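Undergrad: Sharing a structure with you now.
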2 protein chains.
Amino acid sequence: MGYRLYYWPTIEGRGEFIRLALEEVGADYEDVGRRGDGADFEAVAEVLRREGAAEIPFAPPVLEVEGHLIAQTANILLFLGDRHGLAPSDEFGRLWAHQLQLTIADWVVEIHDTHHPVGATLYYEQQRAASKRRAEVFRSARLPKWLAYFERVLATNPAGGDFLVGDDLTAADLSLFQVIAGLRYAFPRAMARLEPDHPRVMALQDRVAERPRIGAYLASPRRIPFNEDGIFRHYPELDG
Amino acid sequence: MGYRLYYWPTIEGRGEFIRLALEEVGADYEDVGRRGDGADFEAVAEVLRREGAAEIPFAPPVLEVEGHLIAQTANILLFLGDRHGLAPSDEFGRLWAHQLQLTIADWVVEIHDTHHPVGATLYYEQQRAASKRRAEVFRSARLPKWLAYFERVLATNPAGGDFLVGDDLTAADLSLFQVIAGLRYAFPRAMARLEPDHPRVMALQDRVAERPRIGAYLASPRRIPFNEDGIFRHYPELDG
């Protein structure tokens, strides 16, 4: 089965959560925005305007499959999880994994908004003062709370805590990996301080990075480096 | 089947999206925080600390069912939609309805953050200047975009556009109703200006309000009035 992924070609962004899942399962997919010269923004914009589709995406990422357009990161991962064994098969296990996925999505919004507290239509430089205040709240109150939450989920997993849910990998593990990788890039000082208190989260980080397909992907040119156009931006003044 | 809903008792907040679905299907549920004297915050806080549960909620709302704790608004509605016929039964229709639900969730975050751009741990009064800037961006750029999106979804629904998905009510219709009701409360001037251009969204609003169980609920004491502790707050200085 061939998938088409529509996402902005020059950032990891929310598309990266989908790319990691596609890579882990070895899916046949085309990253539409990166074909040709590698920056086909228009192909991504087109899917948002497409007429005649049964579904209308509000924003990328969008996964095209069997003529359908699936949007919303967590929704795409719900679909891929079921199709490719990246989710539990029982009803409540599946809901629990999706609950974690949505909780990670909330975290990602908070991380993004540290550099865009006033609005996504303005540049960072137009909201730097508010960003500094928001980042201070994030580093001191929110980041410790988020990390402690996922540490607790791993610590109380009755299957042992090698993964967030049960004893096997889910899309939520891959997404948590991406968030931690991004936080290390964006907030290296804050993370260096907090990491020792969250050994289970950091062990999961290593466990995901060492999976053969994920490791090969991370080392490939398909992995876009973090940069200051994406969700995770390194602005030293926001790192305390 | 008896449900227990855990949500802060004095605001509609995200719990209201769940209450509307429970009321529409005539579910047997207890609104735990509102039992007794009507403001049992501790009962809601307890569910976040509960030990031995298979699932760990990060925040309310939480729905307890058959010993499981389902959290994340859209996840609870995914569950209720399947159980009570508030979602399509085919795979792609179900994903499309969930995609809309998650898109509404993104909109709700933006609305909340008009009065909390710097952080949820600070009072509005501590971030009023940033709020004014964020609300201006919201009113001028984002609110028209969101309304136009849902108008387009209704206009292109091949089943006629009485509902967002197909020809029957889904949880997403109830949630869109709640967002429009809240926007009318929070931004009456901006909405009065924009409503005439979005007749399908406004017709859906009336259609939901006139459903017998929803109408009875809205007229009952179970419906908490909008207020300045919730997501939708009327601060005239943010309404332009």
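Numbering starts fresh at 1 for the residues of each chain in the structure tokens, the chains themselves are lettered A, B, ... in the order given, and ligands are numbered from 1 as they appear.
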Neighbouring residues of Arg223 (chain B) were defined as those with any atom within 9 Å, considering only C-alpha atoms; residues of the same chain fewer than 3 positions away were excluded. Please report them as a list of chain:residue names.
TA: B:Glu12, B:Glu16, B:Arg19, B:Tyr217, B:Leu218, B:Ala219, B:Ser220
Undergrad: Could you save those same residues with C-alpha atoms as a PDB file, in the first residue's frame?
TA:
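Done, and the output landed in again_2.pdb:
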ATOM      1  CA  GLU B  12     -18.107  24.454  31.543  1.00  0.00           C
ATOM      2  CA  GLU B  16     -18.894  20.603  28.660  1.00  0.00           C
ATOM      3  CA  ARG B  19     -21.631  16.682  29.103  1.00  0.00           C
ATOM      4  CA  TYR B 217     -30.272  20.306  29.177  1.00  0.00           C
ATOM      5  CA  LEU B 218     -29.548  23.917  28.256  1.00  0.00           C
ATOM      6  CA  ALA B 219     -32.635  25.009  30.213  1.00  0.00           C
ATOM      7  CA  SER B 220     -31.692  22.923  33.268  1.00  0.00           C
TER       8      SER B 220
END
Undergrad: Could you please select, counting only C-alpha atoms, the residues of chain A within 8 Å of chain B and state them as a ChimeraX atom specification?
TA: /A:54-56,58,68,70-72,75,79,92,95-96,98-99,102-103,117-119,121,130-131,133-134,137-138,141,149,153,157
Undergrad: Write the residues of the selection above to a file with N, CA and C atoms, as a tab-separated table (two decimals), in the first residue's frame.
TA:
chain	number	residue	atom	x	y	z
A	54	ALA	N	-13.59	13.64	0.10
A	54	ALA	CA	-14.60	13.39	1.13
A	54	ALA	C	-14.21	14.03	2.45
A	55	GLU	N	-12.92	14.37	2.59
A	55	GLU	CA	-12.44	14.99	3.83
A	55	GLU	C	-11.70	16.29	3.48
A	56	ILE	N	-11.80	17.27	4.36
A	56	ILE	CA	-11.17	18.58	4.13
A	56	ILE	C	-10.20	18.86	5.27
A	58	PHE	N	-7.72	20.86	7.66
A	58	PHE	CA	-7.53	22.25	8.06
A	58	PHE	C	-6.07	22.66	7.89
A	68	HIS	N	-8.56	8.78	0.39
A	68	HIS	CA	-9.00	9.56	1.55
A	68	HIS	C	-7.87	10.44	2.07
A	70	ILE	N	-6.51	11.92	5.47
A	70	ILE	CA	-6.56	11.86	6.93
A	70	ILE	C	-5.66	12.97	7.46
A	71	ALA	N	-6.22	13.86	8.27
A	71	ALA	CA	-5.43	14.93	8.87
A	71	ALA	C	-5.52	14.84	10.38
A	72	GLN	N	-4.79	15.71	11.03
A	72	GLN	CA	-4.59	15.76	12.48
A	72	GLN	C	-3.61	14.66	12.90
A	75	ASN	N	-4.75	11.68	14.84
A	75	ASN	CA	-5.71	10.90	14.06
A	75	ASN	C	-4.98	10.02	13.04
A	79	PHE	N	-4.83	5.85	12.94
A	79	PHE	CA	-5.01	5.02	11.75
A	79	PHE	C	-3.81	4.10	11.52
A	92	PHE	N	-9.82	-0.73	25.35
A	92	PHE	CA	-9.34	0.22	26.36
A	92	PHE	C	-7.83	0.47	26.24
A	95	LEU	N	-7.56	3.03	23.51
A	95	LEU	CA	-7.93	4.37	23.99
A	95	LEU	C	-6.83	4.94	24.89
A	96	TRP	N	-6.20	4.11	25.68
A	96	TRP	CA	-5.12	4.57	26.56
A	96	TRP	C	-3.94	5.07	25.73
A	98	HIS	N	-4.08	6.21	22.71
A	98	HIS	CA	-4.51	7.45	22.04
A	98	HIS	C	-4.57	8.61	23.04
A	99	GLN	N	-4.97	8.32	24.25
A	99	GLN	CA	-4.97	9.33	25.31
A	99	GLN	C	-3.55	9.89	25.50
A	102	LEU	N	-2.63	12.13	22.56
A	102	LEU	CA	-3.25	13.46	22.64
A	102	LEU	C	-2.62	14.31	23.73
A	103	THR	N	-2.16	13.67	24.78
A	103	THR	CA	-1.48	14.40	25.84
A	103	THR	C	-0.14	14.93	25.32
A	117	PRO	N	3.88	33.04	21.66
A	117	PRO	CA	2.77	33.22	22.59
A	117	PRO	C	1.68	34.15	22.10
A	118	VAL	N	2.02	35.09	21.26
A	118	VAL	CA	1.03	36.09	20.83
A	118	VAL	C	0.28	35.63	19.58
A	119	GLY	N	0.95	34.84	18.74
A	119	GLY	CA	0.24	34.37	17.57
A	119	GLY	C	1.16	33.84	16.50
A	121	THR	N	0.84	34.07	13.41
A	121	THR	CA	0.94	34.93	12.23
A	121	THR	C	2.01	36.01	12.39
A	130	ALA	N	7.13	38.65	25.32
A	130	ALA	CA	6.13	37.70	25.83
A	130	ALA	C	6.69	36.28	25.81
A	131	SER	N	7.54	35.99	24.82
A	131	SER	CA	8.16	34.66	24.75
A	131	SER	C	9.03	34.39	25.97
A	133	ARG	N	8.72	35.57	28.94
A	133	ARG	CA	7.87	35.29	30.10
A	133	ARG	C	7.26	33.89	30.00
A	134	ARG	N	6.75	33.57	28.81
A	134	ARG	CA	6.11	32.26	28.65
A	134	ARG	C	7.12	31.13	28.83
A	137	VAL	N	7.78	30.43	32.50
A	137	VAL	CA	6.71	29.62	33.09
A	137	VAL	C	6.85	28.17	32.62
A	138	PHE	N	7.15	28.01	31.34
A	138	PHE	CA	7.27	26.65	30.80
A	138	PHE	C	8.41	25.89	31.49
A	141	ALA	N	7.54	25.61	35.60
A	141	ALA	CA	6.32	24.94	36.09
A	141	ALA	C	5.86	23.80	35.20
A	149	TYR	N	5.08	13.42	34.64
A	149	TYR	CA	3.91	12.62	34.23
A	149	TYR	C	4.35	11.38	33.44
A	153	VAL	N	4.01	7.36	34.22
A	153	VAL	CA	3.35	6.39	33.34
A	153	VAL	C	4.25	5.17	33.14
A	157	ASN	N	3.59	1.27	34.70
A	157	ASN	CA	3.16	0.32	33.68
A	157	ASN	C	3.35	-1.09	34.23
Undergrad: With only C-alpha atoms as the counted atoms, please give the residues lying no more than 7 Å from Val32 (chain B), apart from itself and same-chain residues fewer than 2 positions off, as a ChimeraX atom specification.
TA: /B:4-6,30,34-35,43
Undergrad: Please, could you write that set of residues out with N, CA and C atoms as a tab-separated table (two decimals), in the first residue's frame?
TA:
chain	number	residue	atom	x	y	z
B	4	ARG	N	-19.04	7.81	35.25
B	4	ARG	CA	-18.68	8.90	36.15
B	4	ARG	C	-17.82	9.90	35.39
B	5	LEU	N	-18.25	11.16	35.41
B	5	LEU	CA	-17.49	12.23	34.77
B	5	LEU	C	-16.78	13.03	35.86
B	6	TYR	N	-15.48	13.19	35.70
B	6	TYR	CA	-14.69	14.01	36.63
B	6	TYR	C	-14.28	15.28	35.91
B	30	GLU	N	-22.89	10.31	36.39
B	30	GLU	CA	-22.77	11.16	37.57
B	30	GLU	C	-21.67	12.19	37.31
B	34	ARG	N	-19.84	17.73	41.00
B	34	ARG	CA	-21.02	18.55	41.31
B	34	ARG	C	-21.99	17.84	42.25
B	35	ARG	N	-21.60	16.72	42.80
B	35	ARG	CA	-22.49	16.06	43.75
B	35	ARG	C	-22.36	16.76	45.11
B	43	ALA	N	-12.75	15.59	44.78
B	43	ALA	CA	-13.08	14.33	44.09
B	43	ALA	C	-12.48	14.32	42.69
Undergrad: Tell me which protein, DNA and RNA residues are within 7 Å of region 175-184 of chain A, counting only C-alpha atoms, leaving out same-chain ones fewer than 6 positions away, and put them as a PyMOL selection string.
TA: chain A and resi 17+104+191+205+208+232
Undergrad: Using only C-alpha atoms, determine which residues lie at most 8 Å from region 214-216 of chain B, disregarding the query and same-chain residues fewer than 6 positions distant; provide the list as a list in words.
TA: Leu20, Glu23, Glu24 and Val208 of chain B
Undergrad: DSSP on the backbone: what in region 27-154 of chain B comes out alpha helix (DSSP H), as a ChimeraX atom specification?
TA: /B:41-49,73-84,91-115,128-137,143-154
Undergrad: Neighbouring residues of region 159-162 of chain A were defined as those with any atom within 10 Å, considering only C-alpha atoms; residues of the same chain fewer than 5 positions away were excluded. Please report them as a compact mmCIF listing (two decimals) with N, CA and C atoms, in the first residue's frame.
TA:
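Final output, result.txt:
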# COMPACT_ATOMS: atom_id res chain seq x y z
N GLU A 151 7.29 9.99 33.32
CA GLU A 151 8.06 9.10 34.19
C GLU A 151 7.12 8.21 35.01
N ARG A 152 6.04 8.81 35.51
CA ARG A 152 5.07 8.05 36.31
C ARG A 152 4.35 7.01 35.46
N VAL A 153 4.01 7.36 34.22
CA VAL A 153 3.35 6.39 33.34
C VAL A 153 4.25 5.17 33.14
N LEU A 154 5.54 5.42 32.90
CA LEU A 154 6.48 4.30 32.71
C LEU A 154 6.66 3.52 34.01
N ASP A 167 3.69 -4.02 26.78
CA ASP A 167 5.08 -4.46 26.62
C ASP A 167 5.56 -4.36 25.18
N ASP A 168 4.95 -3.45 24.42
CA ASP A 168 5.39 -3.33 23.03
C ASP A 168 5.32 -1.86 22.60
N LEU A 169 6.04 -1.55 21.55
CA LEU A 169 6.11 -0.19 21.04
C LEU A 169 4.76 0.28 20.51
N ASP A 173 5.22 6.06 21.94
CA ASP A 173 6.64 5.98 22.30
C ASP A 173 7.48 6.76 21.29
N ARG A 200 13.55 6.83 33.50
CA ARG A 200 12.78 5.93 32.64
C ARG A 200 12.48 6.58 31.29
N VAL A 201 12.18 7.87 31.32
CA VAL A 201 11.93 8.57 30.05
C VAL A 201 13.19 8.57 29.20
N ALA A 203 15.69 6.43 29.33
CA ALA A 203 15.99 5.09 28.84
C ALA A 203 15.11 4.74 27.64
N LEU A 204 13.85 5.18 27.68
CA LEU A 204 12.97 4.95 26.52
C LEU A 204 13.52 5.68 25.30
N ARG A 207 16.16 3.62 23.89
CA ARG A 207 15.57 2.39 23.33
C ARG A 207 14.97 2.65 21.94
